[in-house]
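Novice: So I've got this file, protein_37.txt, and it contains compact mmCIF, C-alpha atoms:
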```txt
# COMPACT_ATOMS: atom_id res chain seq x y z
CA MET Q 53 -14.15 -10.05 81.49
CA GLN Q 54 -12.97 -12.46 78.82
CA LYS Q 55 -9.24 -12.62 78.29
CA PHE Q 56 -7.68 -14.02 75.15
CA GLN Q 57 -4.19 -15.00 74.16
CA GLU Q 58 -2.75 -13.66 70.94
CA PHE Q 59 -3.72 -15.60 67.80
CA VAL Q 60 -0.06 -16.47 67.20
CA SER Q 61 1.87 -16.47 70.44
CA ILE Q 62 4.04 -18.73 72.50
CA ALA Q 63 2.53 -19.84 75.81
CA PRO Q 64 5.01 -22.15 77.56
CA TRP Q 65 2.37 -23.50 79.94
CA THR Q 66 0.19 -24.60 77.05
CA ILE Q 67 3.17 -26.46 75.60
CA ILE Q 68 3.91 -28.10 78.94
CA PHE Q 69 0.27 -29.10 79.42
CA THR Q 70 0.16 -30.51 75.91
CA TRP Q 71 3.22 -32.62 76.67
CA ALA Q 72 1.62 -33.79 79.87
CA ASN Q 73 -1.55 -34.63 77.96
CA LEU Q 74 0.41 -36.55 75.33
CA LEU Q 75 2.33 -38.47 77.98
CA LEU Q 76 -0.84 -39.29 79.87
CA LEU Q 77 -2.61 -40.31 76.67
CA LEU Q 78 0.35 -42.45 75.65
CA PHE Q 79 0.18 -44.24 78.97
CA ILE Q 80 -3.61 -44.68 78.81
CA LEU Q 81 -3.70 -45.88 75.21
CA LYS Q 82 -0.87 -48.30 75.86
CA LYS Q 83 -2.61 -49.69 78.92
CA LEU Q 84 -6.15 -49.81 77.58
CA LEU Q 85 -5.72 -50.47 73.88
CA PHE Q 86 -2.30 -51.22 72.45
CA LYS Q 87 -1.04 -53.72 75.01
CA PRO Q 88 -4.25 -55.79 75.24
CA VAL Q 89 -4.81 -55.87 71.49
CA THR Q 90 -1.20 -56.76 70.62
CA ASN Q 91 -1.31 -59.40 73.34
CA ILE Q 92 -4.44 -60.89 71.86
CA LEU Q 93 -2.95 -60.80 68.38
CA SER Q 94 0.24 -62.55 69.46
CA GLN Q 95 -1.74 -65.08 71.50
CA ARG Q 96 -3.87 -65.84 68.48
CA GLU Q 97 -0.79 -66.19 66.35
CA ASN Q 98 0.68 -68.61 68.84
CA GLU Q 99 -2.54 -70.57 69.01
CA VAL Q 100 -2.78 -70.84 65.24
CA GLY Q 101 0.84 -71.93 65.08
CA GLU Q 102 0.20 -74.57 67.70
CA MET Q 103 -2.87 -75.79 65.85
CA TYR Q 104 -0.85 -76.13 62.67
CA LYS Q 105 1.79 -78.04 64.56
CA LYS Q 106 -0.80 -80.35 66.07
CA ALA Q 107 -2.46 -80.92 62.71
CA GLU Q 108 0.87 -81.73 61.16
CA GLU Q 109 1.66 -84.13 63.97
CA ALA Q 110 -1.70 -85.82 63.61
CA GLN Q 111 -1.18 -86.20 59.88
CA LYS Q 112 2.26 -87.63 60.44
CA ASN Q 113 0.84 -90.05 62.97
CA ALA Q 114 -1.91 -91.10 60.61
CA GLU Q 115 0.59 -91.66 57.83
CA GLU Q 116 2.77 -93.72 60.12
CA LEU Q 117 -0.21 -95.81 61.20
CA GLU Q 118 -1.24 -96.28 57.61
CA SER Q 119 2.18 -97.49 56.56
CA GLU Q 120 2.28 -99.73 59.61
CA TYR Q 121 -1.08 -101.24 58.75
CA THR Q 122 -0.10 -101.69 55.14
CA GLN Q 123 3.05 -103.43 56.23
CA LYS Q 124 1.14 -105.65 58.65
CA LEU Q 125 -1.44 -106.45 56.03
CA SER Q 126 1.15 -107.45 53.45
CA ALA Q 127 2.98 -109.51 56.10
CA ALA Q 128 -0.25 -111.28 56.96
CA LYS Q 129 -0.94 -111.98 53.31
CA GLU Q 130 2.55 -113.35 52.89
CA GLU Q 131 2.14 -115.55 55.92
CA ALA Q 132 -1.19 -116.81 54.70
CA SER Q 133 0.25 -117.73 51.33
CA LYS Q 134 3.20 -119.36 53.08
CA ILE Q 135 0.89 -121.40 55.27
CA MET Q 136 -1.13 -122.40 52.24
CA LYS Q 137 1.99 -123.46 50.40
CA GLU Q 138 3.24 -125.45 53.36
CA ALA Q 139 -0.09 -127.14 53.79
CA THR Q 140 -0.23 -128.03 50.13
CA HIS Q 141 3.30 -129.34 50.25
CA GLU Q 142 2.59 -131.39 53.35
CA ALA Q 143 -0.56 -132.77 51.87
CA THR Q 144 1.30 -133.73 48.71
CA LEU Q 145 3.98 -135.43 50.78
CA LYS Q 146 1.44 -137.27 52.86
CA GLY Q 147 -0.44 -138.36 49.81
CA GLU Q 148 2.74 -139.63 48.23
CA ALA Q 149 3.66 -141.42 51.44
CA ILE Q 150 0.24 -143.03 51.58
CA VAL Q 151 0.44 -144.09 47.98
CA SER Q 152 3.95 -145.50 48.36
CA GLU Q 153 2.96 -147.37 51.51
CA ALA Q 154 -0.01 -148.77 49.77
CA GLN Q 155 2.21 -149.86 46.93
CA LYS Q 156 4.61 -151.45 49.39
CA LYS Q 157 1.81 -153.25 51.15
CA ALA Q 158 0.45 -154.45 47.88
CA GLN Q 159 3.91 -155.58 46.87
CA ALA Q 160 4.31 -157.40 50.16
CA ALA Q 161 0.91 -159.02 49.81
CA MET Q 162 1.76 -160.08 46.28
CA GLU Q 163 5.08 -161.53 47.37
CA LYS Q 164 3.45 -163.33 50.25
CA ALA Q 165 0.82 -164.73 47.98
CA GLU Q 166 3.43 -165.87 45.46
CA LYS Q 167 5.43 -167.54 48.24
CA GLN Q 168 2.36 -169.31 49.49
CA ILE Q 169 1.51 -170.41 46.01
CA GLU Q 170 5.06 -171.73 45.61
CA GLN Q 171 4.89 -173.57 48.90
CA GLU Q 172 1.54 -175.00 48.14
CA LYS Q 173 2.76 -175.98 44.72
CA LYS Q 174 5.77 -177.70 46.31
CA ALA Q 175 3.55 -179.40 48.88
CA ALA Q 176 1.18 -180.50 46.15
CA VAL Q 177 4.08 -181.74 44.02
CA SER Q 178 5.57 -183.77 46.89
CA GLU Q 179 2.13 -185.18 47.78
CA ILE Q 180 1.51 -186.05 44.21
CA LYS Q 181 4.94 -187.63 44.08
CA SER Q 182 4.24 -189.78 47.09
CA ASP Q 183 0.75 -190.59 45.82
CA ILE Q 184 2.09 -191.50 42.42
CA ALA Q 185 4.82 -193.54 44.06
CA SER Q 186 2.48 -195.50 46.20
CA ILE Q 187 0.02 -195.89 43.30
CA ALA Q 188 2.86 -197.01 41.07
CA ILE Q 189 4.05 -199.42 43.70
CA SER Q 190 0.63 -200.90 44.19
CA VAL Q 191 0.13 -201.05 40.41
CA ALA Q 192 3.52 -202.65 39.92
CA GLU Q 193 2.88 -205.04 42.74
CA LYS Q 194 -0.31 -205.98 41.13
CA VAL Q 195 1.32 -206.21 37.67
CA ILE Q 196 4.37 -208.14 38.53
CA GLU Q 197 3.17 -209.40 41.82
CA LYS Q 198 6.64 -209.47 42.84
CA ASP Q 199 7.77 -207.99 46.11
CA ILE Q 200 10.62 -205.75 45.29
CA ASN Q 201 12.50 -203.70 47.62
CA GLU Q 202 10.32 -200.73 48.29
CA SER Q 203 13.24 -198.33 48.66
CA ASP Q 204 14.73 -199.36 45.32
CA TYR Q 205 11.46 -198.84 43.72
CA GLU Q 206 10.90 -195.39 45.16
CA ARG Q 207 14.29 -194.38 43.76
CA LEU Q 208 13.33 -195.70 40.37
CA VAL Q 209 10.10 -193.68 40.44
CA GLU Q 210 11.83 -190.52 41.54
CA ASP Q 211 14.35 -190.87 38.72
CA PHE Q 212 11.53 -191.23 36.37
CA ILE Q 213 9.68 -188.12 37.67
CA ASP Q 214 12.83 -186.04 37.79
CA GLY Q 215 13.55 -187.07 34.27
CA ARG Q 216 10.11 -185.85 33.30
CA GLY Q 217 10.58 -182.64 35.20
CA GLU Q 218 13.81 -181.94 33.28
CA ASP Q 219 12.07 -182.59 30.00
CA LYS Q 220 9.59 -179.89 30.71
CA MET R 67 -16.14 -9.55 64.59
CA SER R 68 -12.62 -10.33 65.59
CA ILE R 69 -10.30 -13.27 65.34
CA LYS R 70 -8.58 -14.03 68.58
CA GLY R 71 -6.34 -16.64 70.11
CA PRO R 72 -7.58 -19.16 72.68
CA GLU R 73 -9.54 -17.72 75.59
CA ILE R 74 -7.92 -17.78 79.01
CA LEU R 75 -10.58 -19.46 81.10
CA PHE R 76 -8.90 -19.02 84.47
CA GLU R 77 -5.51 -18.69 86.03
CA ILE R 78 -3.85 -20.78 88.70
CA ASN R 79 -2.03 -18.43 91.01
CA ILE R 80 1.19 -20.36 91.49
CA LEU R 81 4.54 -19.95 89.75
CA GLY R 82 3.56 -16.47 88.71
CA GLY R 83 0.18 -17.49 87.33
CA ILE R 84 -0.54 -20.42 85.05
CA PRO R 85 -3.07 -19.46 82.41
CA ILE R 86 -5.51 -22.26 81.70
CA THR R 87 -6.69 -21.67 78.17
CA GLU R 88 -9.34 -23.22 75.94
CA THR R 89 -6.53 -25.19 74.35
CA ILE R 90 -5.56 -26.86 77.61
CA VAL R 91 -9.13 -27.71 78.57
CA GLY R 92 -9.77 -28.91 75.03
CA GLY R 93 -6.72 -31.16 75.37
CA TRP R 94 -8.17 -32.66 78.55
CA ILE R 95 -11.48 -33.29 76.83
CA VAL R 96 -9.65 -34.98 73.96
CA VAL R 97 -7.69 -37.15 76.39
CA ALA R 98 -10.91 -38.06 78.21
CA ALA R 99 -12.69 -38.92 74.95
CA LEU R 100 -9.80 -41.04 73.73
CA THR R 101 -9.61 -42.78 77.09
CA LEU R 102 -13.29 -43.66 76.77
CA ILE R 103 -12.82 -44.90 73.18
CA ALA R 104 -9.75 -46.92 74.14
CA PHE R 105 -11.60 -48.38 77.10
CA ILE R 106 -14.58 -49.41 74.98
CA LEU R 107 -12.40 -50.83 72.20
CA GLY R 108 -9.92 -52.55 74.46
CA ARG R 109 -12.13 -54.39 76.93
CA ASN R 110 -13.38 -57.97 76.89
CA LEU R 111 -10.94 -59.14 74.26
CA SER R 112 -10.92 -62.80 73.41
CA VAL R 113 -8.59 -64.91 71.31
CA ARG R 114 -11.45 -66.78 69.63
CA ASN R 115 -14.67 -65.43 68.16
CA PRO R 116 -13.79 -61.77 68.42
CA SER R 117 -16.70 -59.32 68.41
CA LYS R 118 -17.06 -56.66 65.72
CA ARG R 119 -15.86 -54.10 68.23
CA GLN R 120 -12.76 -56.16 68.88
CA LEU R 121 -12.19 -56.67 65.16
CA ALA R 122 -12.29 -52.89 64.70
CA ALA R 123 -9.80 -52.43 67.53
CA GLU R 124 -7.54 -55.14 66.10
CA LYS R 125 -7.76 -53.59 62.64
CA LEU R 126 -6.83 -50.15 63.98
CA VAL R 127 -3.90 -51.44 66.00
CA ALA R 128 -2.71 -53.69 63.18
CA MET R 129 -2.88 -50.78 60.73
CA LEU R 130 -0.88 -48.58 63.10
CA TYR R 131 1.77 -51.22 63.71
CA GLY R 132 1.88 -52.07 60.00
CA LEU R 133 2.37 -48.45 59.02
CA VAL R 134 5.04 -47.87 61.66
CA GLY R 135 6.78 -51.11 60.69
CA ASP R 136 6.76 -50.19 57.01
CA THR R 137 7.89 -46.59 57.50
CA MET R 138 10.33 -46.87 60.40
CA GLY R 139 11.39 -50.49 60.11
CA LYS R 140 10.47 -53.46 62.28
CA HIS R 141 13.18 -52.58 64.82
CA ASN R 142 11.37 -49.30 65.59
CA LEU R 143 8.00 -50.83 66.43
CA ARG R 144 8.41 -49.57 69.99
CA PHE R 145 7.49 -46.12 68.65
CA ALA R 146 4.10 -47.32 67.40
CA PRO R 147 2.15 -46.38 70.57
CA LEU R 148 3.70 -42.92 70.52
CA ILE R 149 2.80 -42.38 66.86
CA GLY R 150 -0.72 -43.64 67.57
CA THR R 151 -1.01 -41.24 70.47
CA LEU R 152 0.21 -38.32 68.38
CA PHE R 153 -2.15 -39.19 65.52
CA SER R 154 -5.23 -39.68 67.67
CA TYR R 155 -4.56 -36.58 69.77
CA SER R 156 -4.04 -34.48 66.65
CA ILE R 157 -7.08 -35.72 64.77
CA LEU R 158 -9.50 -35.56 67.66
CA SER R 159 -8.22 -32.11 68.60
CA SER R 160 -8.81 -30.87 65.08
CA LEU R 161 -12.20 -32.56 64.79
CA SER R 162 -13.31 -31.12 68.14
CA GLY R 163 -13.65 -27.83 66.24
CA LEU R 164 -16.81 -29.34 64.71
CA THR R 165 -18.51 -29.35 68.11
CA GLY R 166 -18.02 -25.59 68.53
CA MET R 167 -14.96 -25.96 70.73
CA ARG R 168 -11.85 -24.09 69.77
CA ALA R 169 -9.66 -26.81 68.32
CA PRO R 170 -6.51 -27.29 70.43
CA THR R 171 -4.53 -27.78 67.24
CA GLY R 172 -5.67 -24.31 66.19
CA ASP R 173 -3.27 -23.06 68.84
CA LEU R 174 0.37 -22.83 67.80
CA ASN R 175 1.47 -24.02 71.23
CA THR R 176 -0.16 -27.43 70.77
CA THR R 177 1.45 -28.09 67.41
CA LEU R 178 4.72 -26.64 68.69
CA ALA R 179 4.56 -29.13 71.53
CA PHE R 180 4.14 -31.93 68.94
CA ALA R 181 7.01 -30.60 66.84
CA LEU R 182 9.37 -30.10 69.78
CA MET R 183 8.61 -33.58 71.04
CA ILE R 184 9.52 -34.97 67.63
CA PHE R 185 12.61 -32.73 67.52
CA PHE R 186 13.82 -34.05 70.88
CA LEU R 187 13.14 -37.63 69.83
CA ILE R 188 15.27 -37.09 66.73
CA GLN R 189 18.16 -35.59 68.71
CA PHE R 190 17.95 -38.27 71.41
CA GLY R 191 17.88 -40.96 68.76
CA ASN R 192 20.98 -39.56 67.08
CA ILE R 193 22.85 -39.17 70.36
CA LYS R 194 21.90 -42.67 71.43
CA ASN R 195 22.98 -44.26 68.18
CA LYS R 196 26.05 -42.19 67.29
CA GLY R 197 27.21 -40.91 70.69
CA VAL R 198 27.51 -37.22 71.51
CA GLY R 199 30.61 -36.87 69.31
CA GLY R 200 29.00 -38.56 66.36
CA TRP R 201 25.84 -36.51 66.83
CA LEU R 202 27.79 -33.22 66.78
CA LYS R 203 29.94 -34.42 63.91
CA GLY R 204 26.77 -35.16 61.95
CA PHE R 205 26.16 -31.41 61.63
CA THR R 206 29.47 -30.89 59.84
CA GLU R 207 28.75 -33.41 57.14
CA PRO R 208 29.32 -33.69 54.25
CA VAL R 209 31.68 -30.65 54.57
CA ALA R 210 32.36 -28.41 57.55
CA LEU R 211 31.46 -25.37 55.49
CA ILE R 212 27.73 -26.09 55.55
CA THR R 213 27.47 -26.53 59.31
CA PRO R 214 25.39 -23.34 59.71
CA LEU R 215 23.00 -24.55 57.02
CA ASN R 216 22.67 -27.91 58.75
CA LEU R 217 21.88 -26.21 62.04
CA ILE R 218 19.31 -23.94 60.45
CA SER R 219 17.60 -26.84 58.71
CA GLU R 220 17.58 -28.85 61.94
CA ILE R 221 15.91 -25.98 63.80
CA ALA R 222 13.63 -25.03 60.91
CA ASN R 223 12.31 -28.57 60.89
CA PRO R 224 10.14 -28.40 64.04
CA ILE R 225 9.13 -24.82 63.31
CA SER R 226 7.85 -25.74 59.87
CA MET R 227 6.04 -28.78 61.26
CA ALA R 228 4.42 -26.71 64.00
CA PHE R 229 3.32 -23.91 61.66
CA ARG R 230 2.06 -26.29 58.97
CA HIS R 231 -0.29 -28.06 61.34
CA PHE R 232 -1.29 -24.90 63.20
CA GLY R 233 -1.77 -22.91 60.01
CA ASN R 234 -4.05 -25.46 58.38
CA ILE R 235 -6.37 -25.78 61.35
CA ALA R 236 -6.25 -22.11 62.34
CA SER R 237 -6.97 -21.03 58.78
CA GLY R 238 -10.01 -23.27 58.90
CA ILE R 239 -11.15 -21.44 62.01
CA VAL R 240 -10.47 -18.06 60.40
CA ILE R 241 -12.24 -18.90 57.16
CA THR R 242 -15.22 -20.39 58.95
CA THR R 243 -15.49 -17.30 61.12
CA LEU R 244 -15.24 -15.03 58.09
CA ILE R 245 -17.83 -17.00 56.15
CA TYR R 246 -20.24 -16.99 59.07
CA ALA R 247 -19.83 -13.22 59.40
CA ALA R 248 -20.24 -12.71 55.69
CA LEU R 249 -23.31 -14.93 55.53
CA ALA R 250 -24.86 -13.10 58.49
CA THR R 251 -24.33 -9.80 56.71
CA CYS R 252 -25.84 -11.17 53.47
CA SER R 253 -28.72 -12.67 55.34
CA ASN R 254 -29.40 -9.39 57.06
CA ALA R 255 -29.22 -7.45 53.83
CA LEU R 256 -31.53 -9.79 51.89
CA LEU R 257 -34.04 -10.88 54.50
CA GLY R 258 -33.66 -8.24 57.19
CA TRP R 259 -36.88 -6.47 56.16
CA ILE R 260 -39.04 -9.51 57.10
CA PRO R 261 -40.17 -9.27 60.71
CA ILE R 262 -39.00 -12.03 63.08
CA LEU R 263 -37.65 -14.19 60.19
CA GLY R 264 -35.21 -11.44 59.36
CA ASP R 265 -33.53 -11.80 62.70
CA ILE R 266 -32.52 -15.37 61.88
CA PRO R 267 -29.39 -15.60 59.68
CA LEU R 268 -30.96 -18.16 57.32
CA LEU R 269 -28.10 -18.11 54.82
CA GLN R 270 -25.82 -19.58 57.48
CA VAL R 271 -27.61 -22.89 57.01
CA GLY R 272 -25.95 -25.31 54.62
CA LEU R 273 -22.92 -23.68 53.07
CA PRO R 274 -20.73 -23.68 56.21
CA ALA R 275 -21.42 -27.37 56.67
CA LEU R 276 -20.16 -28.13 53.16
CA LEU R 277 -17.08 -26.00 53.60
CA SER R 278 -16.48 -27.57 56.97
CA ILE R 279 -16.15 -30.97 55.32
CA TYR R 280 -13.04 -29.66 53.63
CA PHE R 281 -11.68 -27.23 56.20
CA ASP R 282 -12.34 -29.33 59.27
CA VAL R 283 -12.81 -32.99 58.42
CA PHE R 284 -10.46 -33.39 55.45
CA THR R 285 -7.79 -31.09 56.84
CA SER R 286 -7.96 -32.75 60.23
CA PHE R 287 -7.23 -36.16 58.75
CA LEU R 288 -4.60 -34.79 56.41
CA GLN R 289 -2.67 -32.86 59.06
CA ALA R 290 -2.81 -35.69 61.58
CA TYR R 291 -1.50 -38.03 58.88
CA ILE R 292 1.21 -35.58 57.81
CA ILE R 293 2.57 -34.91 61.28
CA SER R 294 2.54 -38.64 62.14
CA MET R 295 4.24 -39.48 58.85
CA LEU R 296 6.92 -36.84 59.34
CA ALA R 297 7.47 -38.01 62.89
CA MET R 298 7.91 -41.58 61.64
CA VAL R 299 10.29 -40.58 58.87
CA TYR R 300 12.46 -38.28 61.00
CA VAL R 301 12.54 -40.42 64.12
CA GLY R 302 13.03 -43.53 62.01
CA GLY R 303 15.93 -41.82 60.26
CA ALA R 304 17.52 -41.12 63.62
CA ASN R 305 17.10 -44.77 64.62
CA GLU R 306 18.52 -46.68 61.66
CA PRO R 307 18.98 -50.40 62.20
CA SER R 308 22.39 -51.15 63.63
CA GLU R 309 24.62 -52.70 60.99
CA ALA R 310 24.85 -56.19 62.35
```
What would the structure in this file look like if it were written as structure tokens?
Specialist:
Amino acid sequence: MQKFQEFVSIAPWTIIFTWANLLLLLFILKKLLFKPVTNILSQRENEVGEMYKKAEEAQKNAEELESEYTQKLSAAKEEASKIMKEATHEATLKGEAIVSEAQKKAQAAMEKAEKQIEQEKKAAVSEIKSDIASIAISVAEKVIEKDINESDYERLVEDFIDGRGEDK
Amino acid sequence: MSIKGPEILFEINILGGIPITETIVGGWIVVAALTLIAFILGRNLSVRNPSKRQLAAEKLVAMLYGLVGDTMGKHNLRFAPLIGTLFSYSILSSLSGLTGMRAPTGDLNTTLAFALMIFFLIQFGNIKNKGVGGWLKGFTEPVALITPLNLISEIANPISMAFRHFGNIASGIVITTLIYAALATCSNALLGWIPILGDIPLLQVGLPALLSIYFDVFTSFLQAYIISMLAMVYVGGANEPSEA
């Protein structure tokens, strides 16, 4: 025997069972679907956020390194040009020093040579003087054949030569 | 041919007899089916390289949370699982009519249970946010004179929700039953003289399926959407963001 409820009627037990069903379904859906999926979504969000953060950090790092390298490179270039300049300067100085020393040496050599020439000239002059004196004495002796005081004579000759020298 | 309420399948002989109707069993089947769907959709989730199944599950959940967030406000997102439960229970109940079951939502008691649950949520929300005094005072606003009208509208609210949902699905059942009966009669009148073939109600093929697209499928979606939307609007209204 089939029994039916009225088409429009209030059956409290049906309402209670429906509530129980809804509550049970709420619990099941939360446990099986909503919680896991929202968890996954938030995890993914976190992961993406972290990745962005890491990428940004890496970029920052790279930029820092780049600026560091640029700085180092320019410093190295500066140093190189400084070294070059110094070397050039030093070389110029050395060259000048060498040249000036050479000039000095040449000067000294010249002076020495001049001195020697002077000395030799003096020596030659005094030798010539004595030669001339003795020649003159012997010539005079022969001419006048008179034995004069040699010292007087030498004086006479010297006067004569000096007088010549002054005429020059 | 007669149009009846849900059949009482058996009775549990405690508390003066608990009638277990088609509606209650149908509700269990719906819960079981949704449990299976939720289990399939919600297992083996991974953060990277989600499967198509997981993408579908994520899309569904994201849509639900998006809709709840837009309608009720971000502070009311805790209601999203409840709204999802209500929606899925309603739609699968209505659609179960397609399998030849008597749709649980074609029983006033099911939709009344929905409506009363929403009604209680509204009242609890108001009491929680305004206090008992503020909740009671709310019925006398804007002027004390219209307090009876406020009370009537507050009580009419769940009744109208319950009857709207019930009426749409039940009318589908009624119309389908009527059309089947009418088509059987036509079939008998036109083809009844042919032996053997005349016993088969051939005219029942086709037309009911087309009508069912409207009365069952479309209405099922529409009513599930409407009751969920109303629940969101009313419960959201009872849980306004605190003015901080």
Novice: Could you work out which residues of chain R fall inside 7 Å of chain Q? Count all atoms listed in the file, and format the result as a PyMOL selection string.
Specialist: chain R and resi 70-74+84+90+93-94+97+101+104-105+107-108+112-113+124+127+147-148+151+174-176+179
Novice: Would you kindly return, as a list in words, each protein, DNA or RNA residue with an atom no farther than 9 Å from any atom of range 159-168 of chain R, considering all atoms listed in the file and excluding same-chain residues fewer than 4 positions away?
Specialist: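 Listing them by chain and then by number gives Pro72, Glu73, Glu88, Thr89, Gly92, Gly93, Ile95, Val96, Ser154, Tyr155, Gly172, Asp173, Ile235, Ile239, Ser278, Asp282, Val283, Thr285, Ser286, Phe287, Gln289 and Ala290 of chain R.
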Novice: Can you work out the spacing between CA of Ile218 in chain R and CA of Gly199 in chain R in Å, to one decimal?
Specialist: 19.3 Å
Novice: To one decimal place in Å, what is the distance between CA of Lys140 in chain R and CA of Pro307 in chain R?
Specialist: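 Those two atoms sit 9.0 Å apart.
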Novice: Quote the spacing between CA of Ile266 in chain R and CA of Thr251 in chain R in Å to one decimal place.
Specialist: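 Computing it gives 11.2 Å between the two atoms.
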Novice: Can you pull out every residue within 10 Å of Leu215 in chain R, counting only C-alpha atoms, but drop anything in the same chain fewer than 4 positions away, and send it as a list in words?
Specialist: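 After dropping sequence-adjacent residues, the list is Phe205, Thr206, Leu211, Ser219, Glu220 and Ile221 of chain R.
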Novice: Choose the residue, out of R:Ile106, R:Ala169, R:Met138, R:Leu249, that has the smallest atom-to-atom separation from Val91 in chain R; count all atoms listed in the file.
Specialist: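 Closest candidate: R:Ala169.
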Novice: Quick one: residues within 10 Å of range 169-182 of chain Q, all atoms listed in the file, excluding same-chain residues fewer than 6 positions away - as a list in words?
Specialist: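 So the residues in contact are Glu163, Ala188, Glu206, Val209, Glu210 and Ile213 of chain Q.
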Novice: Using only C-alpha atoms, which protein or nucleic acid residues come within 12 Å of Ser203 in chain Q? Drop anything in the same chain fewer than 4 positions from it, and give the result as a PyMOL selection string.
Specialist: chain Q and resi 185-186+189+199+207-210
Novice: May I have the protein, DNA and RNA residues with any atom at most 6 Å from the point (-0.6, -46.3, 66.9), counting all atoms listed in the file, written as a count of residues only?
Specialist: 5
Novice: Using all atoms listed in the file, find the one residue out of R:Thr87, R:Ser226, R:Asn195, R:Asn254 that sits nearest to Leu182 in chain R.
Specialist: R:Ser226
Novice: Using all atoms listed in the file, can you tell me which of R:Ile86, R:Glu306, R:Leu81, R:Leu244 comes closest to Lys196 in chain R?
Specialist: R:Glu306
Novice: What are the centre and the three edge lengths of an axis-aligned box that wraps all atoms of range 216-225 of chain R in the file, given that 5 Å is added to every side, written as JSON and rounded to one decimal in Å?
Specialist:
```
{"center_x": 15.9, "center_y": -26.4, "center_z": 61.4, "size_x": 23.5, "size_y": 14.9, "size_z": 15.3}
```
